[in-house]
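S.K.: Dropping in target38.cif, with mmCIF, C-alpha atoms and all ligand atoms.
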```cif
data_protein
loop_
_atom_site.label_atom_id
_atom_site.label_comp_id
_atom_site.auth_asym_id
_atom_site.auth_seq_id
_atom_site.Cartn_x
_atom_site.Cartn_y
_atom_site.Cartn_z
CA MET A 241 -50.22 -36.10 98.13
CA PHE A 242 -50.39 -33.14 100.48
CA ASN A 243 -48.70 -30.23 98.81
CA PRO A 244 -49.26 -27.04 100.76
CA ALA A 245 -49.23 -23.77 98.84
CA PRO A 246 -45.81 -22.23 99.44
CA SER A 247 -47.42 -19.04 100.66
CA ARG A 248 -48.73 -20.90 103.71
CA LEU A 249 -45.16 -21.44 104.83
CA ALA A 250 -44.72 -17.77 105.53
CA GLN A 251 -44.99 -16.53 109.07
CA PRO A 252 -48.27 -14.70 109.51
CA ALA A 253 -48.03 -10.98 109.89
CA ILE A 254 -50.34 -9.50 112.48
CA LEU A 255 -51.29 -6.01 111.52
CA PRO A 256 -54.08 -3.97 112.99
CA ASP A 257 -57.09 -3.45 110.78
CA PHE A 258 -56.69 0.29 110.30
CA ASP A 259 -58.21 2.19 107.44
CA ARG A 260 -56.90 0.57 104.29
CA PRO A 261 -56.30 3.22 101.65
CA PHE A 262 -55.58 1.50 98.32
CA GLY A 263 -56.30 -1.80 100.11
CA LEU A 264 -53.24 -1.59 102.37
CA PRO A 265 -52.83 -1.37 106.12
CA ALA A 266 -51.76 2.24 106.61
CA PHE A 267 -49.47 3.89 109.13
CA ASN A 268 -48.26 7.41 109.76
CA SER A 269 -44.64 6.36 109.99
CA VAL A 270 -42.32 3.44 109.41
CA ALA A 271 -41.80 3.24 113.17
CA GLU A 272 -45.55 2.66 113.65
CA ALA A 273 -45.55 -0.08 111.02
CA ILE A 274 -42.62 -1.85 112.67
CA ALA A 275 -44.23 -1.57 116.11
CA ALA A 276 -47.41 -3.18 114.78
CA TYR A 277 -45.67 -6.04 112.99
CA ASP A 278 -45.41 -9.44 114.59
CA GLY A 279 -44.02 -11.46 111.69
CA ASP A 280 -40.62 -12.82 110.79
CA ASP A 281 -40.37 -11.61 107.20
CA ALA A 282 -39.39 -8.37 105.54
CA ILE A 283 -42.05 -5.68 105.13
CA TYR A 284 -42.60 -3.86 101.85
CA VAL A 285 -43.51 -0.20 102.24
CA LEU A 286 -45.31 1.98 99.72
CA TYR A 287 -45.42 5.75 100.01
CA PRO A 288 -48.58 6.75 98.12
CA LYS A 289 -47.75 10.47 98.17
CA THR A 290 -44.37 9.89 96.53
CA ILE A 291 -45.91 7.71 93.82
CA GLU A 292 -48.68 10.26 93.24
CA SER A 293 -46.15 13.02 92.91
CA ALA A 294 -44.08 11.01 90.38
CA ALA A 295 -47.29 10.44 88.41
CA GLN A 296 -48.03 14.16 88.47
CA THR A 297 -44.54 14.91 87.17
CA PHE A 298 -45.20 12.73 84.12
CA LEU A 299 -48.84 13.70 83.63
CA SER A 300 -48.02 17.39 83.65
CA GLY A 301 -44.55 17.40 82.07
CA PHE A 302 -44.11 14.54 79.63
CA PRO A 303 -44.79 15.75 76.08
CA GLY A 304 -47.31 12.99 75.30
CA GLN A 305 -49.25 10.20 77.00
CA SER A 306 -47.61 8.38 79.91
CA VAL A 307 -48.30 4.68 80.18
CA TYR A 308 -47.20 2.84 83.35
CA ALA A 309 -44.98 -0.21 82.75
CA VAL A 310 -46.71 -2.59 85.16
CA LYS A 311 -43.68 -4.91 85.41
CA ALA A 312 -41.86 -2.36 87.57
CA ASN A 313 -44.27 -2.98 90.43
CA PRO A 314 -47.53 -4.83 89.76
CA HIS A 315 -48.84 -4.51 93.33
CA PRO A 316 -52.57 -3.69 93.02
CA ALA A 317 -52.06 -0.79 95.43
CA VAL A 318 -49.51 0.77 93.06
CA LEU A 319 -51.97 0.44 90.17
CA LYS A 320 -54.72 2.04 92.28
CA ILE A 321 -52.49 4.90 93.43
CA LEU A 322 -51.47 5.65 89.84
CA TRP A 323 -55.05 5.40 88.60
CA SER A 324 -56.27 7.76 91.29
CA ALA A 325 -53.46 10.17 90.36
CA GLY A 326 -54.80 10.25 86.79
CA MET A 327 -52.71 7.61 84.99
CA ARG A 328 -54.92 5.96 82.37
CA GLY A 329 -52.57 3.86 80.26
CA PHE A 330 -50.86 0.65 81.43
CA ASP A 331 -48.16 -1.28 79.59
CA VAL A 332 -48.59 -5.03 80.13
CA ALA A 333 -46.65 -8.06 78.99
CA SER A 334 -48.64 -11.16 79.94
CA ILE A 335 -52.13 -12.54 80.50
CA ARG A 336 -51.67 -12.16 84.24
CA GLU A 337 -50.72 -8.50 83.94
CA ILE A 338 -53.67 -7.91 81.59
CA ASP A 339 -56.12 -9.50 84.01
CA LEU A 340 -54.56 -7.76 87.00
CA VAL A 341 -55.03 -4.32 85.47
CA ARG A 342 -58.50 -5.16 84.13
CA THR A 343 -59.58 -6.22 87.62
CA THR A 344 -57.89 -3.36 89.47
CA CYS A 345 -58.54 -0.48 87.08
CA PRO A 346 -61.29 -1.76 84.74
CA ASP A 347 -61.35 1.32 82.49
CA ALA A 348 -57.60 1.48 81.88
CA GLU A 349 -56.24 1.50 78.33
CA LEU A 350 -53.92 -1.47 77.97
CA TYR A 351 -50.80 -1.55 75.79
CA LEU A 352 -49.50 -5.05 75.14
CA MET A 353 -45.94 -4.01 74.35
CA HIS A 354 -44.15 -7.33 74.65
CA PRO A 355 -42.79 -8.03 71.15
CA VAL A 356 -43.24 -11.82 71.55
CA LYS A 357 -46.56 -13.12 72.85
CA SER A 358 -48.24 -16.49 72.93
CA ARG A 359 -51.22 -16.89 70.62
CA ARG A 360 -53.46 -17.38 73.67
CA THR A 361 -52.22 -14.08 75.09
CA ILE A 362 -53.02 -12.24 71.87
CA ARG A 363 -56.53 -13.79 71.68
CA HIS A 364 -57.26 -13.05 75.31
CA ALA A 365 -55.94 -9.50 75.06
CA TYR A 366 -58.09 -8.69 72.05
CA GLN A 367 -61.17 -10.21 73.72
CA VAL A 368 -60.74 -8.01 76.78
CA GLY A 369 -60.35 -4.87 74.73
CA VAL A 370 -56.61 -4.51 74.12
CA ARG A 371 -55.94 -2.77 70.80
CA HIS A 372 -52.27 -1.81 71.19
CA PHE A 373 -49.90 -4.58 70.15
CA ALA A 374 -46.12 -4.47 69.70
CA PHE A 375 -44.25 -6.65 67.20
CA ASP A 376 -40.72 -6.87 65.85
CA SER A 377 -40.94 -9.62 63.23
CA MET A 378 -43.11 -10.72 60.34
CA ALA A 379 -44.01 -13.90 62.23
CA GLU A 380 -45.33 -11.93 65.23
CA LEU A 381 -47.29 -9.60 62.96
CA GLY A 382 -48.84 -12.68 61.37
CA LYS A 383 -49.75 -14.09 64.79
CA ILE A 384 -51.44 -10.84 65.81
CA LEU A 385 -53.50 -10.72 62.62
CA VAL A 386 -54.56 -14.38 62.78
CA GLU A 387 -55.42 -14.34 66.49
CA THR A 388 -57.44 -11.13 66.24
CA GLN A 389 -59.14 -12.50 63.11
CA ASP A 390 -57.75 -9.71 60.94
CA ALA A 391 -59.19 -7.03 63.18
CA THR A 392 -59.42 -3.63 61.55
CA ASP A 393 -59.05 -1.60 64.74
CA LEU A 394 -55.48 -2.44 65.76
CA HIS A 395 -52.87 0.09 66.82
CA LEU A 396 -49.66 -1.71 65.90
CA HIS A 397 -46.32 -0.62 67.33
CA LEU A 398 -43.14 -1.75 65.58
CA ARG A 399 -40.38 -2.22 68.17
CA LEU A 400 -37.07 -0.99 66.80
CA ALA A 401 -33.65 -2.14 67.87
CA LEU A 402 -31.61 0.99 68.44
CA PRO A 403 -28.00 1.23 67.33
CA ALA A 404 -25.76 0.07 70.21
CA GLY A 405 -24.47 2.51 72.83
CA GLY A 406 -26.17 4.66 75.39
CA SER A 407 -25.97 5.50 79.04
CA ALA A 408 -28.51 3.12 80.56
CA SER A 409 -27.39 1.31 83.69
CA MET A 410 -29.46 -1.61 82.47
CA PRO A 411 -29.17 -1.82 78.69
CA LEU A 412 -31.98 -3.70 76.96
CA GLU A 413 -30.16 -4.17 73.69
CA GLY A 414 -29.80 -7.40 71.81
CA LYS A 415 -33.01 -9.17 72.70
CA TYR A 416 -35.90 -7.40 71.01
CA GLY A 417 -36.38 -4.99 68.16
CA ALA A 418 -36.22 -5.06 64.38
CA ASP A 419 -32.97 -3.96 62.78
CA TYR A 420 -32.89 -1.30 60.10
CA ASP A 421 -33.59 -3.47 57.04
CA ASP A 422 -36.23 -5.59 58.72
CA ALA A 423 -37.91 -2.47 60.11
CA ILE A 424 -38.39 -1.05 56.61
CA GLU A 425 -40.01 -4.26 55.43
CA LEU A 426 -42.17 -4.54 58.56
CA LEU A 427 -43.42 -0.96 58.36
CA ARG A 428 -44.50 -1.54 54.77
CA ALA A 429 -46.20 -4.82 55.67
CA ALA A 430 -48.01 -3.45 58.71
CA ARG A 431 -49.22 -0.18 57.17
CA PRO A 432 -52.16 -1.60 55.19
CA VAL A 433 -53.42 -3.77 58.08
CA ALA A 434 -53.09 -1.25 60.92
CA ALA A 435 -55.79 1.22 61.89
CA LYS A 436 -52.91 3.10 63.49
CA LEU A 437 -49.23 2.39 63.09
CA GLY A 438 -46.39 3.51 65.30
CA VAL A 439 -42.84 2.75 66.19
CA CYS A 440 -41.49 2.16 69.67
CA PHE A 441 -38.09 1.71 71.20
CA HIS A 442 -36.49 1.46 74.64
CA VAL A 443 -33.23 3.22 75.46
CA GLY A 444 -32.57 0.86 78.43
CA SER A 445 -33.54 1.19 82.06
CA GLN A 446 -32.10 3.87 84.38
CA CYS A 447 -30.97 5.96 81.42
CA MET A 448 -28.50 8.50 82.77
CA ASP A 449 -28.25 10.80 79.74
CA PRO A 450 -31.35 12.49 78.26
CA ALA A 451 -29.46 12.67 74.96
CA ASP A 452 -30.05 8.91 74.49
CA TYR A 453 -33.70 9.63 73.66
CA ILE A 454 -32.70 12.34 71.21
CA ARG A 455 -30.10 10.16 69.49
CA ALA A 456 -32.86 7.69 68.61
CA LEU A 457 -34.92 10.33 66.77
CA PRO A 458 -32.74 10.90 63.66
CA TYR A 459 -32.52 7.12 63.35
CA VAL A 460 -36.33 6.82 63.35
CA HIS A 461 -36.64 9.80 61.02
CA GLY A 462 -34.21 8.31 58.47
CA LEU A 463 -35.90 4.94 58.64
CA LEU A 464 -39.36 6.36 57.94
CA GLU A 465 -38.07 8.38 55.00
CA ILE A 466 -36.48 5.36 53.38
CA ALA A 467 -39.53 3.17 54.09
CA GLU A 468 -41.84 5.91 52.75
CA VAL A 469 -44.39 4.96 55.38
CA GLN A 470 -46.48 7.37 57.43
CA ILE A 471 -47.01 6.59 61.09
CA GLU A 472 -49.44 7.94 63.68
CA SER A 473 -47.52 7.35 66.91
CA LEU A 474 -44.05 7.30 68.40
CA ASP A 475 -43.49 5.47 71.67
CA ILE A 476 -40.16 6.40 73.25
CA GLY A 477 -40.40 3.67 75.89
CA GLY A 478 -39.31 3.78 79.51
CA GLY A 479 -35.87 4.19 81.00
CA PHE A 480 -36.42 7.38 83.01
CA PRO A 481 -34.14 7.12 86.04
CA VAL A 482 -34.48 7.61 89.78
CA ALA A 483 -31.79 8.60 92.27
CA TYR A 484 -29.59 5.92 93.81
CA PRO A 485 -26.28 6.67 95.57
CA GLY A 486 -23.66 7.02 92.83
CA LEU A 487 -26.37 7.22 90.14
CA GLU A 488 -27.86 10.70 90.54
CA PRO A 489 -29.66 11.69 87.34
CA ALA A 490 -30.62 15.09 85.94
CA PRO A 491 -34.11 16.31 86.94
CA THR A 492 -36.88 14.50 85.07
CA GLN A 493 -38.07 17.79 83.59
CA ASP A 494 -34.70 18.08 81.79
CA TYR A 495 -35.48 14.79 80.07
CA PHE A 496 -38.93 16.06 79.07
CA ASP A 497 -37.56 19.36 77.76
CA ARG A 498 -34.87 17.66 75.70
CA ILE A 499 -37.36 15.14 74.31
CA ALA A 500 -39.91 17.86 73.42
CA LYS A 501 -37.18 19.82 71.64
CA GLY A 502 -36.00 16.73 69.73
CA LEU A 503 -39.55 15.83 68.68
CA LYS A 504 -39.94 19.31 67.22
CA ILE A 505 -36.61 19.24 65.38
CA PHE A 506 -37.53 16.00 63.62
CA GLY A 507 -41.14 16.99 62.95
CA PHE A 508 -42.56 14.34 65.29
CA GLU A 509 -44.50 16.68 67.52
CA TYR A 510 -47.70 16.09 65.51
CA LEU A 511 -47.60 12.37 66.22
CA GLU A 512 -49.27 10.70 69.17
CA ILE A 513 -46.31 10.54 71.57
CA ILE A 514 -46.24 7.78 74.17
CA GLY A 515 -43.83 7.08 77.06
CA GLU A 516 -43.74 3.90 79.16
CA PRO A 517 -42.14 4.82 82.49
CA GLY A 518 -41.89 2.09 85.09
CA ARG A 519 -39.02 2.77 87.47
CA ALA A 520 -39.54 6.54 87.50
CA LEU A 521 -43.16 6.22 88.66
CA CYS A 522 -42.69 3.90 91.61
CA GLY A 523 -38.95 3.56 92.36
CA GLU A 524 -38.75 6.25 95.01
CA GLY A 525 -42.22 5.44 96.37
CA GLY A 526 -41.31 2.07 97.84
CA SER A 527 -38.83 0.53 100.24
CA THR A 528 -38.07 -2.71 102.01
CA LEU A 529 -37.88 -3.02 105.77
CA THR A 530 -35.54 -5.83 106.66
CA ARG A 531 -34.47 -7.09 110.08
CA VAL A 532 -30.94 -7.96 111.11
CA GLU A 533 -30.85 -11.57 112.32
CA LEU A 534 -27.11 -11.68 113.03
CA ARG A 535 -24.04 -9.49 112.87
CA LYS A 536 -20.56 -10.90 112.16
CA GLY A 537 -18.04 -8.07 112.05
CA GLN A 538 -19.22 -5.74 109.31
CA ASP A 539 -21.51 -8.35 107.78
CA LEU A 540 -25.23 -8.11 108.51
CA TYR A 541 -27.37 -11.21 107.93
CA LEU A 542 -30.86 -10.05 106.99
CA ASN A 543 -34.30 -11.60 106.54
CA GLU A 544 -34.35 -10.27 102.94
CA GLY A 545 -31.90 -10.72 100.09
CA SER A 546 -31.33 -11.13 96.39
CA TYR A 547 -34.06 -13.76 96.07
CA GLY A 548 -36.38 -11.22 97.67
CA SER A 549 -36.46 -7.57 96.69
CA LEU A 550 -32.67 -7.05 96.62
CA PHE A 551 -31.90 -8.67 93.26
CA ASP A 552 -30.36 -5.51 91.79
CA ALA A 553 -28.45 -4.78 95.01
CA ALA A 554 -26.76 -8.16 94.55
CA GLN A 555 -26.49 -8.65 90.79
CA CYS A 556 -25.78 -5.03 89.83
CA ALA A 557 -24.14 -4.07 93.15
CA TRP A 558 -26.49 -1.09 93.44
CA LYS A 559 -26.08 0.79 96.69
CA TYR A 560 -29.59 1.72 97.69
CA PRO A 561 -30.00 4.42 100.36
CA VAL A 562 -30.41 2.85 103.82
CA LYS A 563 -31.79 4.03 107.18
CA LEU A 564 -31.73 2.38 110.59
CA HIS A 565 -35.07 2.21 112.44
CA ARG A 566 -34.87 1.48 116.16
CA THR A 567 -36.57 2.90 119.23
CA ASP A 568 -33.34 3.36 121.27
CA GLU A 569 -30.76 5.90 120.25
CA ALA A 570 -28.21 4.66 117.72
CA ALA A 571 -24.47 5.34 117.63
CA LYS A 572 -23.53 8.64 116.01
CA GLU A 573 -20.58 7.20 114.06
CA MET A 574 -21.41 5.51 110.80
CA GLU A 575 -19.69 2.41 109.45
CA ALA A 576 -19.71 0.52 106.19
CA PHE A 577 -21.53 -2.82 106.11
CA ARG A 578 -22.12 -5.66 103.71
CA PHE A 579 -25.48 -7.46 103.61
CA PHE A 580 -26.24 -11.16 103.33
CA GLY A 581 -29.71 -12.46 102.48
CA PRO A 582 -31.35 -15.40 104.26
CA THR A 583 -31.04 -18.12 101.60
CA CYS A 584 -28.35 -20.76 101.34
CA ASP A 585 -26.96 -19.34 98.09
CA SER A 586 -23.68 -17.45 98.38
CA MET A 587 -24.85 -15.23 95.50
CA ASP A 588 -27.32 -13.87 98.05
CA THR A 589 -24.79 -11.18 98.97
CA MET A 590 -25.14 -7.42 98.66
CA ALA A 591 -21.66 -5.92 98.71
CA GLY A 592 -22.75 -2.30 99.19
CA PRO A 593 -21.06 -0.82 101.11
CA PHE A 594 -24.09 0.39 103.06
CA HIS A 595 -23.42 3.04 105.68
CA LEU A 596 -25.27 2.61 108.99
CA PRO A 597 -24.71 3.50 112.66
CA ALA A 598 -21.70 1.62 114.04
CA ASP A 599 -23.76 -0.32 116.61
CA THR A 600 -26.27 -1.77 114.13
CA GLY A 601 -26.96 -5.35 115.15
CA GLU A 602 -29.44 -8.17 115.72
CA GLY A 603 -33.07 -7.07 115.96
CA ASP A 604 -32.55 -3.73 114.22
CA TRP A 605 -34.74 -2.88 111.25
CA ILE A 606 -33.08 -1.37 108.21
CA GLU A 607 -35.07 0.46 105.58
CA ILE A 608 -33.63 -0.04 102.11
CA CYS A 609 -35.05 2.87 100.16
CA HIS A 610 -35.91 3.57 96.51
CA LEU A 611 -36.83 -0.06 96.01
CA GLY A 612 -40.37 0.52 94.77
CA ALA A 613 -39.43 -0.58 91.23
CA TYR A 614 -37.98 -3.98 90.38
CA GLY A 615 -37.73 -4.81 94.09
CA GLN A 616 -40.83 -6.58 95.35
CA ALA A 617 -41.65 -7.32 91.69
CA LEU A 618 -38.64 -9.65 91.42
CA ALA A 619 -39.01 -11.44 94.76
CA THR A 620 -39.16 -15.25 94.74
CA ARG A 621 -40.13 -17.79 97.38
CA PHE A 622 -36.75 -19.53 97.38
CA ASN A 623 -35.93 -21.35 100.62
CA GLY A 624 -39.29 -20.37 102.11
CA PHE A 625 -38.22 -16.76 102.57
CA GLN A 626 -40.86 -14.42 101.26
CA SER A 627 -42.84 -11.47 102.43
CA GLU A 628 -46.56 -11.12 102.08
CA THR A 629 -46.77 -7.89 104.01
CA THR A 630 -47.07 -4.60 102.19
CA VAL A 631 -48.04 -1.48 104.09
CA ALA A 632 -48.68 2.12 103.17
CA VAL A 633 -46.86 4.86 105.04
CA LEU A 634 -48.85 8.04 104.65
CA GLY A 635 -46.63 10.56 106.39
C1 LIG A 701 -41.28 -2.49 76.74
C2 LIG A 701 -40.89 -1.85 78.02
N1 LIG A 701 -41.51 -0.70 78.38
C3 LIG A 701 -41.23 -0.06 79.54
C4 LIG A 701 -40.30 -0.59 80.41
C5 LIG A 701 -40.05 0.15 81.69
O1 LIG A 701 -38.76 0.61 81.78
P1 LIG A 701 -38.30 1.53 83.00
O2 LIG A 701 -38.74 0.85 84.24
O3 LIG A 701 -36.83 1.60 82.85
O4 LIG A 701 -38.97 2.87 82.81
C6 LIG A 701 -39.60 -1.77 80.08
C7 LIG A 701 -38.61 -2.33 80.99
O5 LIG A 701 -37.96 -3.30 80.77
C8 LIG A 701 -39.91 -2.42 78.86
O6 LIG A 701 -39.30 -3.56 78.50
#
```
Once more with this new file: its structure as structure tokens, please.
Ligand SMILES: Cc1ncc(COP(=O)(O)O)c(C=O)c1O

M.R.:
Amino acid sequence: MFNPAPSRLAQPAILPDFDRPFGLPAFNSVAEAIAAYDGDDAIYVLYPKTIESAAQTFLSGFPGQSVYAVKANPHPAVLKILWSAGMRGFDVASIREIDLVRTTCPDAELYLMHPVKSRRTIRHAYQVGVRHFAFDSMAELGKILVETQDATDLHLHLRLALPAGGSASMPLEGKYGADYDDAIELLRAARPVAAKLGVCFHVGSQCMDPADYIRALPYVHGLLEIAEVQIESLDIGGGFPVAYPGLEPAPTQDYFDRIAKGLKIFGFEYLEIIGEPGRALCGEGGSTLTRVELRKGQDLYLNEGSYGSLFDAAQCAWKYPVKLHRTDEAAKEMEAFRFFGPTCDSMDTMAGPFHLPADTGEGDWIEICHLGAYGQALATRFNGFQSETTVAVLG
């Protein structure tokens, strides 16, 4: 039976073969990229300088080692940009992410921080040099030990469930993490078999209050005292926010300062401190260029939607910053619009409101900004709508 690969269904994008920094076609401006594009799909844009600068913020300010959470944007160009900026640690969750990072940045240190892994994943990870493994149950600890053949060089990270509450726009509570009693038992069980032992937690993504990180520290401190177990590392996870309209966070340095102070207060500053930022490293360094196919009143029907990179714009009603790109002059007055994606599903609706020039209409390109994290990474091929075009804008 002839079963064409779904990717062949996409309209080809014709882009000039310019210099390809980080393996991408590169342009000086979004306008240049649009002018060069002859496809029918959305275009994903990466801004290497913005990603580099976010990496520098973490590398110079975070009070410990920063490890990039690859899930936020696994595009090989993002990995290369971060590597060239000096990022050396990468948090991975699956065999595909492991192999992707190994191929793209062969000397990277990999942290397999998913608390539930298949046995094949554990075996493969260990074979390709992964030594950091997360767990949150006795059964998972057992799997790690069996599948690494009782390796004596493991850095084991116990994932803790934090007490409920917090300011994250995307809480990650309730799925992973050992509760208080289990954590005590697990720390005691893991101590004799770990070359290094640590605890890790995640305050939830897009954490709006730096105090959430600090609130976790007395909890960890109390737990370790009761367990009477020494650890070597403390991984405070990801969750560092980026700016979206209506969700403007404190400067990242405020988070670092508060965390450094908290670590000192609880005597953790001598531990190996790890952070796993995803969103904060690539969120502002990427956008989606989408074309208006039809306007009906204040509704714009786009070639990109919630089954593409706009999942959070639909499901969480996030209002990403938007910009109109067109060669002719646009109306000065701004109006509020709602977006519809191209698929048949009525959930493919982004309520916004998104403010754009009043005469926005068919053929216009809209840049939906700050979509570098959990945008392209979540895109599906539903209904044959997908984009295979990622460009770098260097300006
Ligand atoms: C284990 C782990 N680390 C890091 C991250 C990255 O979080 P963020 O993108 O909010 O920084 C996540 C996100 O879900 C995660 O589950």

S.K.: For each of A:Asp419, A:Glu509, A:Asp278, A:Asp539, take the minimum atom-to-atom distance to Tyr459 in chain A, counting only C-alpha atoms, then give the residue where this is smallest.

M.R.: A:Asp419

S.K.: Any chance you could tabulate, as a tab-separated table, the residues of chain A at most 9 Å from ligand LIG 701 (chain A) with each one's nearest atom pair and distance in Å to one decimal, using only C-alpha atoms and all ligand atoms, in chain and rising number order?

M.R.:
```
residue	atom	partner	partner_atom	distance
A:Val307	CA	A:LIG701	C3	8.5
A:Tyr308	CA	A:LIG701	C3	7.7
A:Ala309	CA	A:LIG701	C3	4.9
A:Val310	CA	A:LIG701	C5	8.0
A:Lys311	CA	A:LIG701	C7	7.2
A:Ala312	CA	A:LIG701	O2	5.6
A:Asp331	CA	A:LIG701	N1	6.8
A:Val332	CA	A:LIG701	C1	8.4
A:Ala333	CA	A:LIG701	C1	8.1
A:Leu352	CA	A:LIG701	C1	8.8
A:Met353	CA	A:LIG701	C1	5.5
A:His354	CA	A:LIG701	C1	6.0
A:Pro355	CA	A:LIG701	C1	8.0
A:Ala374	CA	A:LIG701	C1	8.8
A:Arg399	CA	A:LIG701	C1	8.6
A:Ala408	CA	A:LIG701	O3	8.8
A:Met410	CA	A:LIG701	O3	8.0
A:Leu412	CA	A:LIG701	O5	7.1
A:Cys440	CA	A:LIG701	C1	8.5
A:Phe441	CA	A:LIG701	C1	7.6
A:His442	CA	A:LIG701	C2	6.5
A:Val443	CA	A:LIG701	O3	8.4
A:Gly444	CA	A:LIG701	O3	6.2
A:Ser445	CA	A:LIG701	O3	3.4
A:Gln446	CA	A:LIG701	O3	5.5
A:Cys447	CA	A:LIG701	O3	7.4
A:Ile476	CA	A:LIG701	N1	8.9
A:Gly477	CA	A:LIG701	N1	5.2
A:Gly478	CA	A:LIG701	O4	3.4
A:Gly479	CA	A:LIG701	O3	3.3
A:Phe480	CA	A:LIG701	O4	5.2
A:Pro481	CA	A:LIG701	O3	6.9
A:Gly515	CA	A:LIG701	C3	8.0
A:Glu516	CA	A:LIG701	C3	4.7
A:Pro517	CA	A:LIG701	O4	3.7
A:Gly518	CA	A:LIG701	O2	3.5
A:Arg519	CA	A:LIG701	O2	3.8
A:Ala520	CA	A:LIG701	O4	6.0
A:Leu521	CA	A:LIG701	O4	7.9
A:Cys522	CA	A:LIG701	O2	8.9
A:Gly523	CA	A:LIG701	O2	8.6
A:Ala613	CA	A:LIG701	O2	7.2
A:Tyr614	CA	A:LIG701	O2	7.8
```

S.K.: How would the residues just picked look written out with C-alpha atoms as an mmCIF file, in the coordinates of the input?

M.R.:
```cif
data_model
loop_
_atom_site.group_PDB
_atom_site.id
_atom_site.type_symbol
_atom_site.label_atom_id
_atom_site.label_comp_id
_atom_site.auth_asym_id
_atom_site.auth_seq_id
_atom_site.Cartn_x
_atom_site.Cartn_y
_atom_site.Cartn_z
ATOM 1 C CA VAL A 307 -48.300 4.680 80.180
ATOM 2 C CA TYR A 308 -47.200 2.840 83.350
ATOM 3 C CA ALA A 309 -44.980 -0.210 82.750
ATOM 4 C CA VAL A 310 -46.710 -2.590 85.160
ATOM 5 C CA LYS A 311 -43.680 -4.910 85.410
ATOM 6 C CA ALA A 312 -41.860 -2.360 87.570
ATOM 7 C CA ASP A 331 -48.160 -1.280 79.590
ATOM 8 C CA VAL A 332 -48.590 -5.030 80.130
ATOM 9 C CA ALA A 333 -46.650 -8.060 78.990
ATOM 10 C CA LEU A 352 -49.500 -5.050 75.140
ATOM 11 C CA MET A 353 -45.940 -4.010 74.350
ATOM 12 C CA HIS A 354 -44.150 -7.330 74.650
ATOM 13 C CA PRO A 355 -42.790 -8.030 71.150
ATOM 14 C CA ALA A 374 -46.120 -4.470 69.700
ATOM 15 C CA ARG A 399 -40.380 -2.220 68.170
ATOM 16 C CA ALA A 408 -28.510 3.120 80.560
ATOM 17 C CA MET A 410 -29.460 -1.610 82.470
ATOM 18 C CA LEU A 412 -31.980 -3.700 76.960
ATOM 19 C CA CYS A 440 -41.490 2.160 69.670
ATOM 20 C CA PHE A 441 -38.090 1.710 71.200
ATOM 21 C CA HIS A 442 -36.490 1.460 74.640
ATOM 22 C CA VAL A 443 -33.230 3.220 75.460
ATOM 23 C CA GLY A 444 -32.570 0.860 78.430
ATOM 24 C CA SER A 445 -33.540 1.190 82.060
ATOM 25 C CA GLN A 446 -32.100 3.870 84.380
ATOM 26 C CA CYS A 447 -30.970 5.960 81.420
ATOM 27 C CA ILE A 476 -40.160 6.400 73.250
ATOM 28 C CA GLY A 477 -40.400 3.670 75.890
ATOM 29 C CA GLY A 478 -39.310 3.780 79.510
ATOM 30 C CA GLY A 479 -35.870 4.190 81.000
ATOM 31 C CA PHE A 480 -36.420 7.380 83.010
ATOM 32 C CA PRO A 481 -34.140 7.120 86.040
ATOM 33 C CA GLY A 515 -43.830 7.080 77.060
ATOM 34 C CA GLU A 516 -43.740 3.900 79.160
ATOM 35 C CA PRO A 517 -42.140 4.820 82.490
ATOM 36 C CA GLY A 518 -41.890 2.090 85.090
ATOM 37 C CA ARG A 519 -39.020 2.770 87.470
ATOM 38 C CA ALA A 520 -39.540 6.540 87.500
ATOM 39 C CA LEU A 521 -43.160 6.220 88.660
ATOM 40 C CA CYS A 522 -42.690 3.900 91.610
ATOM 41 C CA GLY A 523 -38.950 3.560 92.360
ATOM 42 C CA ALA A 613 -39.430 -0.580 91.230
ATOM 43 C CA TYR A 614 -37.980 -3.980 90.380
#
```

S.K.: Can you pull out every residue within 8 Å of range 529-531 of chain A, counting only C-alpha atoms, but drop anything in the same chain fewer than 2 positions away, and send it as number ranges by chain?

M.R.: A: 281-285, 527, 533, 542-544, 602-608

S.K.: Quick one: write out the picked residues with C-alpha atoms as a PDB file, in the coordinates of the input?

M.R.:
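Generated output (selection.pdb):
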```pdb
ATOM      1  CA  ASP A 281     -40.370 -11.610 107.200  1.00  0.00           C
ATOM      2  CA  ALA A 282     -39.390  -8.370 105.540  1.00  0.00           C
ATOM      3  CA  ILE A 283     -42.050  -5.680 105.130  1.00  0.00           C
ATOM      4  CA  TYR A 284     -42.600  -3.860 101.850  1.00  0.00           C
ATOM      5  CA  VAL A 285     -43.510  -0.200 102.240  1.00  0.00           C
ATOM      6  CA  SER A 527     -38.830   0.530 100.240  1.00  0.00           C
ATOM      7  CA  GLU A 533     -30.850 -11.570 112.320  1.00  0.00           C
ATOM      8  CA  LEU A 542     -30.860 -10.050 106.990  1.00  0.00           C
ATOM      9  CA  ASN A 543     -34.300 -11.600 106.540  1.00  0.00           C
ATOM     10  CA  GLU A 544     -34.350 -10.270 102.940  1.00  0.00           C
ATOM     11  CA  GLU A 602     -29.440  -8.170 115.720  1.00  0.00           C
ATOM     12  CA  GLY A 603     -33.070  -7.070 115.960  1.00  0.00           C
ATOM     13  CA  ASP A 604     -32.550  -3.730 114.220  1.00  0.00           C
ATOM     14  CA  TRP A 605     -34.740  -2.880 111.250  1.00  0.00           C
ATOM     15  CA  ILE A 606     -33.080  -1.370 108.210  1.00  0.00           C
ATOM     16  CA  GLU A 607     -35.070   0.460 105.580  1.00  0.00           C
ATOM     17  CA  ILE A 608     -33.630  -0.040 102.110  1.00  0.00           C
TER      18      ILE A 608
END
```
